[in-house]
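For reference, model.txt is printed below; it contains compact mmCIF, C-alpha atoms.
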```txt
# COMPACT_ATOMS: atom_id res chain seq x y z
CA MET A 1 11.96 -9.75 -11.15
CA SER A 2 9.97 -8.12 -8.36
CA ASN A 3 7.27 -9.92 -6.38
CA VAL A 4 5.52 -6.68 -5.44
CA ASN A 5 1.85 -6.27 -6.33
CA LEU A 6 1.47 -2.54 -6.66
CA LEU A 7 -1.52 -0.21 -6.96
CA VAL A 8 -0.94 3.37 -8.14
CA VAL A 9 -3.80 5.78 -7.42
CA ASP A 10 -3.93 9.22 -9.03
CA ASP A 11 -6.57 11.29 -10.81
CA GLU A 12 -4.11 12.37 -13.52
CA GLU A 13 -4.43 9.81 -16.34
CA ARG A 14 -1.12 10.76 -17.96
CA PHE A 15 0.75 10.34 -14.67
CA LEU A 16 -0.93 6.95 -14.11
CA SER A 17 -0.10 5.56 -17.53
CA THR A 18 3.50 6.82 -17.52
CA THR A 19 4.17 5.64 -13.97
CA LYS A 20 2.66 2.22 -14.69
CA ILE A 21 4.96 1.75 -17.69
CA LEU A 22 8.06 2.89 -15.76
CA LEU A 23 7.31 0.63 -12.79
CA GLU A 24 6.45 -2.39 -14.93
CA LYS A 25 9.80 -2.00 -16.71
CA ARG A 26 11.37 -2.38 -13.26
CA GLY A 27 9.47 -5.62 -12.65
CA PHE A 28 6.55 -4.45 -10.51
CA ARG A 29 3.11 -5.97 -11.15
CA THR A 30 1.25 -2.69 -11.40
CA ARG A 31 -2.45 -1.83 -11.39
CA THR A 32 -3.85 1.68 -11.49
CA ALA A 33 -6.93 3.44 -10.17
CA PRO A 34 -8.09 6.98 -11.00
CA GLY A 35 -9.51 7.71 -7.54
CA GLY A 36 -10.08 6.59 -3.97
CA ARG A 37 -13.28 4.63 -4.57
CA GLU A 38 -11.70 2.78 -7.49
CA ALA A 39 -8.65 2.04 -5.33
CA LEU A 40 -10.81 0.44 -2.64
CA GLN A 41 -12.57 -1.60 -5.31
CA ALA A 42 -9.22 -2.76 -6.72
CA LEU A 43 -8.07 -3.77 -3.23
CA ALA A 44 -11.27 -5.79 -2.77
CA GLU A 45 -10.72 -7.62 -6.06
CA HIS A 46 -6.92 -8.05 -6.24
CA PHE A 47 -4.05 -8.88 -3.92
CA VAL A 48 -1.99 -5.72 -3.34
CA ASP A 49 1.18 -5.30 -1.29
CA VAL A 50 1.88 -1.58 -1.70
CA VAL A 51 -0.27 1.38 -2.72
CA VAL A 52 1.19 4.59 -4.14
CA LEU A 53 -1.56 7.10 -3.37
CA ASP A 54 -1.99 10.70 -4.47
CA VAL A 55 -3.06 13.04 -1.66
CA LYS A 56 -5.07 15.50 -3.73
CA MET A 57 -7.87 13.92 -5.74
CA PRO A 58 -11.46 14.95 -6.37
CA GLY A 59 -14.12 13.01 -4.53
CA MET A 60 -12.47 10.81 -1.92
CA ASP A 61 -9.07 12.38 -1.28
CA GLY A 62 -5.91 10.47 -0.47
CA VAL A 63 -6.14 10.92 3.30
CA GLU A 64 -9.66 9.45 3.46
CA THR A 65 -8.63 6.66 1.09
CA LEU A 66 -5.64 5.92 3.35
CA ARG A 67 -7.93 5.76 6.40
CA ARG A 68 -10.11 3.17 4.70
CA ILE A 69 -7.17 1.16 3.39
CA LYS A 70 -5.60 0.95 6.84
CA ARG A 71 -8.96 0.04 8.41
CA ASP A 72 -9.76 -2.73 5.89
CA TYR A 73 -6.26 -3.85 4.81
CA PRO A 74 -3.92 -3.01 7.70
CA LEU A 75 -0.90 -4.87 6.28
CA VAL A 76 -1.00 -3.05 2.93
CA GLU A 77 1.72 -0.39 2.93
CA VAL A 78 0.86 3.03 1.51
CA ILE A 79 3.22 5.62 0.05
CA MET A 80 1.64 9.07 -0.28
CA LEU A 81 2.27 11.20 -3.38
CA THR A 82 2.14 14.90 -2.67
CA GLY A 83 2.79 18.27 -4.28
CA HIS A 84 4.47 21.11 -2.43
CA ALA A 85 1.11 22.59 -1.44
CA SER A 86 -0.08 19.45 0.31
CA VAL A 87 2.90 18.38 2.41
CA GLU A 88 0.75 18.83 5.53
CA SER A 89 -1.65 16.20 4.16
CA ALA A 90 1.26 13.81 3.63
CA VAL A 91 2.37 14.34 7.23
CA GLU A 92 -1.21 13.65 8.34
CA GLY A 93 -1.01 10.48 6.24
CA LEU A 94 2.12 9.39 8.09
CA LYS A 95 0.26 9.83 11.38
CA LEU A 96 -2.54 7.63 9.98
CA GLY A 97 -0.15 4.83 9.10
CA ALA A 98 1.32 5.65 5.68
CA PHE A 99 4.77 4.16 5.17
CA ASP A 100 6.27 7.32 3.66
CA TYR A 101 5.62 10.04 1.13
CA VAL A 102 7.16 11.19 -2.15
CA MET A 103 7.01 14.65 -3.68
CA LYS A 104 5.49 15.07 -7.16
CA PRO A 105 6.94 15.10 -9.71
CA CYS A 106 8.63 12.05 -8.25
CA ASP A 107 12.05 10.70 -8.98
CA VAL A 108 11.47 7.13 -10.23
CA PRO A 109 14.55 5.57 -8.55
CA GLU A 110 13.50 7.15 -5.24
CA LEU A 111 9.95 5.83 -5.67
CA VAL A 112 11.28 2.35 -6.52
CA ASP A 113 13.44 2.37 -3.37
CA LYS A 114 10.47 3.40 -1.20
CA ILE A 115 8.24 0.73 -2.77
CA ASN A 116 10.87 -1.93 -2.09
CA ASP A 117 11.32 -0.71 1.50
CA ALA A 118 7.54 -0.72 2.06
CA PHE A 119 7.31 -4.25 0.67
CA THR A 120 10.14 -5.39 2.95
CA ARG A 121 8.28 -3.97 5.96
CA LYS A 122 5.05 -5.70 4.89
CA GLN A 123 6.87 -9.03 4.55
CA ALA A 124 8.42 -8.57 8.02
CA MET A 125 4.98 -7.94 9.56
CA GLU A 126 3.53 -10.99 7.80
CA GLU A 127 6.41 -13.11 9.09
CA LYS A 128 5.80 -11.90 12.67
CA ILE A 129 2.14 -12.90 12.33
CA ARG A 130 3.06 -16.34 10.97
CA LYS A 131 5.56 -16.84 13.80
CA ALA A 132 2.98 -15.81 16.40
CA ARG A 133 0.52 -18.33 14.93
CA VAL A 134 3.08 -21.14 15.02
CA ASP A 135 4.13 -20.22 18.58
CA ARG A 136 0.49 -20.26 19.68
CA ILE A 137 -0.14 -23.64 18.08
CA ILE A 138 3.03 -25.10 19.61
CA SER A 139 2.14 -23.85 23.08
CA HIS A 140 -1.58 -24.73 22.72
CA PRO A 141 -1.97 -27.54 20.15
CA MET A 142 -5.77 -27.35 20.24
CA ALA A 143 -5.50 -23.76 18.99
CA VAL A 144 -5.21 -25.17 15.49
CA PHE A 145 -9.00 -25.72 15.68
CA ASP A 146 -9.71 -22.18 16.91
CA LYS A 147 -10.95 -20.06 13.99
CA ARG A 148 -9.87 -16.88 15.75
CA THR A 149 -6.26 -17.68 14.82
CA ASP A 150 -7.07 -17.12 11.13
CA ILE A 151 -5.74 -13.75 10.00
CA ASP A 152 -6.04 -14.39 6.25
```
In structure tokens, how does this file's structure come out?
Amino acid sequence: MSNVNLLVVDDEERFLSTTKILLEKRGFRTRTAPGGREALQALAEHFVDVVVLDVKMPGMDGVETLRRIKRDYPLVEVIMLTGHASVESAVEGLKLGAFDYVMKPCDVPELVDKINDAFTRKQAMEEKIRKARVDRIISHPMAVFDKRTDID
């Protein structure tokens, strides 16, 4: 059973519902959002490890949504979903901090592998932060009372 809390963001309802079912069958705890604003709301209300984010959406597109996710939730990993016509947007997403991108229609095993890899990277970053906190407290015991050490 997977420990990954996943958010899939796409404006195509059929894609969302099908993808959610396929990923839940593989053990992912999956939420969905039909657009960028709804994705940001979901991130504010629920713990999310990895976001699978469509590039082309009406309203707030995937690149702008990615910018806001990385600004507000820097440890959340984002995998961009893109069609052939928007590969440039996916590359822009990589420059903005996306973990990787997948072409639509996506191959589910490939998507699962990328989600697991993104989650592994997130866990590694969280472990580095925990280690840095412990090292700081060991070297400066009074740092335990310094609120600036809180990253949560």
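Between CA of Val51 in chain A and CA of Glu77 in chain A lies a distance of 6.2 Å.
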Within 9 Å of range 89-112 of chain A, which residues of range 26-57 of chain A show up? Give each one with its shortest atom-to-atom distance in Å (one decimal) and the two atoms involved, counting all atoms listed in the file, rows by chain then rising residue number, as a Markdown table.
```
| residue | atom | partner | partner_atom | distance |
| --- | --- | --- | --- | --- |
| A:Arg26 | CA | A:Val112 | CA | 8.2 |
| A:Val52 | CA | A:Tyr101 | CA | 8.8 |
| A:Leu53 | CA | A:Tyr101 | CA | 9.0 |
| A:Val55 | CA | A:Ser89 | CA | 6.8 |
| A:Lys56 | CA | A:Ser89 | CA | 8.6 |
```
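Nearest-residue note for Leu22 in chain A: choosing from A:Val76, A:Val87, A:Leu43, A:Val8, the minimum distance belongs to A:Val8, counting all atoms listed in the file.
Of the listed residues (A:Phe47, A:Tyr73, A:Ala132, A:Arg37), A:Arg37 comes nearest to Gly59 in chain A; the distances count all atoms listed in the file.
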Legend entry - Computed interatomic separation between CA of Leu75 in chain A and CA of Lys122 in chain A (Å): 6.2 Å
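Here CA of Ile79 in chain A and CA of Thr19 in chain A stand 14.1 Å from one another.
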Legend entry - Spatial neighbours of Leu6 in chain A, 10 Å, only C-alpha atoms, chain gap at least 4 places, as a count of residues only: 19
Could range 21-46 of chain A be completed with N, CA and C atoms and written as a PDB file, in the coordinates of the input, please?
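The resulting file, part-v2.pdb, is shown below:
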```pdb
ATOM      1  N   ILE A  21       3.964   2.248 -16.737  1.00  0.00           N
ATOM      2  CA  ILE A  21       4.960   1.750 -17.690  1.00  0.00           C
ATOM      3  C   ILE A  21       6.351   1.713 -17.047  1.00  0.00           C
ATOM      4  N   LEU A  22       6.733   2.805 -16.380  1.00  0.00           N
ATOM      5  CA  LEU A  22       8.060   2.890 -15.760  1.00  0.00           C
ATOM      6  C   LEU A  22       8.243   1.839 -14.667  1.00  0.00           C
ATOM      7  N   LEU A  23       7.199   1.608 -13.873  1.00  0.00           N
ATOM      8  CA  LEU A  23       7.310   0.630 -12.790  1.00  0.00           C
ATOM      9  C   LEU A  23       7.267  -0.799 -13.308  1.00  0.00           C
ATOM     10  N   GLU A  24       6.476  -1.056 -14.339  1.00  0.00           N
ATOM     11  CA  GLU A  24       6.450  -2.390 -14.930  1.00  0.00           C
ATOM     12  C   GLU A  24       7.789  -2.749 -15.568  1.00  0.00           C
ATOM     13  N   LYS A  25       8.470  -1.753 -16.149  1.00  0.00           N
ATOM     14  CA  LYS A  25       9.800  -2.000 -16.710  1.00  0.00           C
ATOM     15  C   LYS A  25      10.795  -2.406 -15.631  1.00  0.00           C
ATOM     16  N   ARG A  26      10.500  -2.021 -14.393  1.00  0.00           N
ATOM     17  CA  ARG A  26      11.370  -2.380 -13.260  1.00  0.00           C
ATOM     18  C   ARG A  26      10.877  -3.641 -12.553  1.00  0.00           C
ATOM     19  N   GLY A  27       9.903  -4.329 -13.148  1.00  0.00           N
ATOM     20  CA  GLY A  27       9.470  -5.620 -12.650  1.00  0.00           C
ATOM     21  C   GLY A  27       8.293  -5.633 -11.702  1.00  0.00           C
ATOM     22  N   PHE A  28       7.700  -4.488 -11.406  1.00  0.00           N
ATOM     23  CA  PHE A  28       6.550  -4.450 -10.510  1.00  0.00           C
ATOM     24  C   PHE A  28       5.276  -4.854 -11.254  1.00  0.00           C
ATOM     25  N   ARG A  29       4.443  -5.672 -10.609  1.00  0.00           N
ATOM     26  CA  ARG A  29       3.110  -5.970 -11.150  1.00  0.00           C
ATOM     27  C   ARG A  29       2.219  -4.815 -10.739  1.00  0.00           C
ATOM     28  N   THR A  30       1.860  -3.974 -11.703  1.00  0.00           N
ATOM     29  CA  THR A  30       1.250  -2.690 -11.400  1.00  0.00           C
ATOM     30  C   THR A  30      -0.170  -2.583 -11.921  1.00  0.00           C
ATOM     31  N   ARG A  31      -1.071  -2.192 -11.034  1.00  0.00           N
ATOM     32  CA  ARG A  31      -2.450  -1.830 -11.390  1.00  0.00           C
ATOM     33  C   ARG A  31      -2.603  -0.350 -11.114  1.00  0.00           C
ATOM     34  N   THR A  32      -3.603   0.252 -11.725  1.00  0.00           N
ATOM     35  CA  THR A  32      -3.850   1.680 -11.490  1.00  0.00           C
ATOM     36  C   THR A  32      -5.320   1.892 -11.149  1.00  0.00           C
ATOM     37  N   ALA A  33      -5.573   3.002 -10.487  1.00  0.00           N
ATOM     38  CA  ALA A  33      -6.930   3.440 -10.170  1.00  0.00           C
ATOM     39  C   ALA A  33      -6.961   4.956 -10.237  1.00  0.00           C
ATOM     40  N   PRO A  34      -8.031   5.527 -10.843  1.00  0.00           N
ATOM     41  CA  PRO A  34      -8.090   6.980 -11.000  1.00  0.00           C
ATOM     42  C   PRO A  34      -8.644   7.729  -9.790  1.00  0.00           C
ATOM     43  N   GLY A  35      -8.974   7.034  -8.710  1.00  0.00           N
ATOM     44  CA  GLY A  35      -9.510   7.710  -7.540  1.00  0.00           C
ATOM     45  C   GLY A  35      -9.605   6.770  -6.350  1.00  0.00           C
ATOM     46  N   GLY A  36     -10.006   7.344  -5.213  1.00  0.00           N
ATOM     47  CA  GLY A  36     -10.080   6.590  -3.970  1.00  0.00           C
ATOM     48  C   GLY A  36     -11.076   5.441  -4.012  1.00  0.00           C
ATOM     49  N   ARG A  37     -12.258   5.693  -4.511  1.00  0.00           N
ATOM     50  CA  ARG A  37     -13.280   4.630  -4.570  1.00  0.00           C
ATOM     51  C   ARG A  37     -12.818   3.470  -5.454  1.00  0.00           C
ATOM     52  N   GLU A  38     -12.219   3.814  -6.587  1.00  0.00           N
ATOM     53  CA  GLU A  38     -11.700   2.780  -7.490  1.00  0.00           C
ATOM     54  C   GLU A  38     -10.541   2.011  -6.845  1.00  0.00           C
ATOM     55  N   ALA A  39      -9.755   2.701  -6.036  1.00  0.00           N
ATOM     56  CA  ALA A  39      -8.650   2.040  -5.330  1.00  0.00           C
ATOM     57  C   ALA A  39      -9.195   1.006  -4.348  1.00  0.00           C
ATOM     58  N   LEU A  40     -10.220   1.377  -3.600  1.00  0.00           N
ATOM     59  CA  LEU A  40     -10.810   0.440  -2.640  1.00  0.00           C
ATOM     60  C   LEU A  40     -11.425  -0.756  -3.358  1.00  0.00           C
ATOM     61  N   GLN A  41     -12.010  -0.505  -4.513  1.00  0.00           N
ATOM     62  CA  GLN A  41     -12.570  -1.600  -5.310  1.00  0.00           C
ATOM     63  C   GLN A  41     -11.453  -2.538  -5.794  1.00  0.00           C
ATOM     64  N   ALA A  42     -10.359  -1.959  -6.256  1.00  0.00           N
ATOM     65  CA  ALA A  42      -9.220  -2.760  -6.720  1.00  0.00           C
ATOM     66  C   ALA A  42      -8.651  -3.602  -5.573  1.00  0.00           C
ATOM     67  N   LEU A  43      -8.577  -3.026  -4.387  1.00  0.00           N
ATOM     68  CA  LEU A  43      -8.070  -3.770  -3.230  1.00  0.00           C
ATOM     69  C   LEU A  43      -9.013  -4.923  -2.866  1.00  0.00           C
ATOM     70  N   ALA A  44     -10.300  -4.732  -3.062  1.00  0.00           N
ATOM     71  CA  ALA A  44     -11.270  -5.790  -2.770  1.00  0.00           C
ATOM     72  C   ALA A  44     -11.164  -6.933  -3.777  1.00  0.00           C
ATOM     73  N   GLU A  45     -10.731  -6.630  -4.987  1.00  0.00           N
ATOM     74  CA  GLU A  45     -10.720  -7.620  -6.060  1.00  0.00           C
ATOM     75  C   GLU A  45      -9.349  -8.252  -6.325  1.00  0.00           C
ATOM     76  N   HIS A  46      -8.266  -7.595  -5.900  1.00  0.00           N
ATOM     77  CA  HIS A  46      -6.920  -8.050  -6.240  1.00  0.00           C
ATOM     78  C   HIS A  46      -6.022  -7.999  -5.013  1.00  0.00           C
TER      79      HIS A  46
END
```
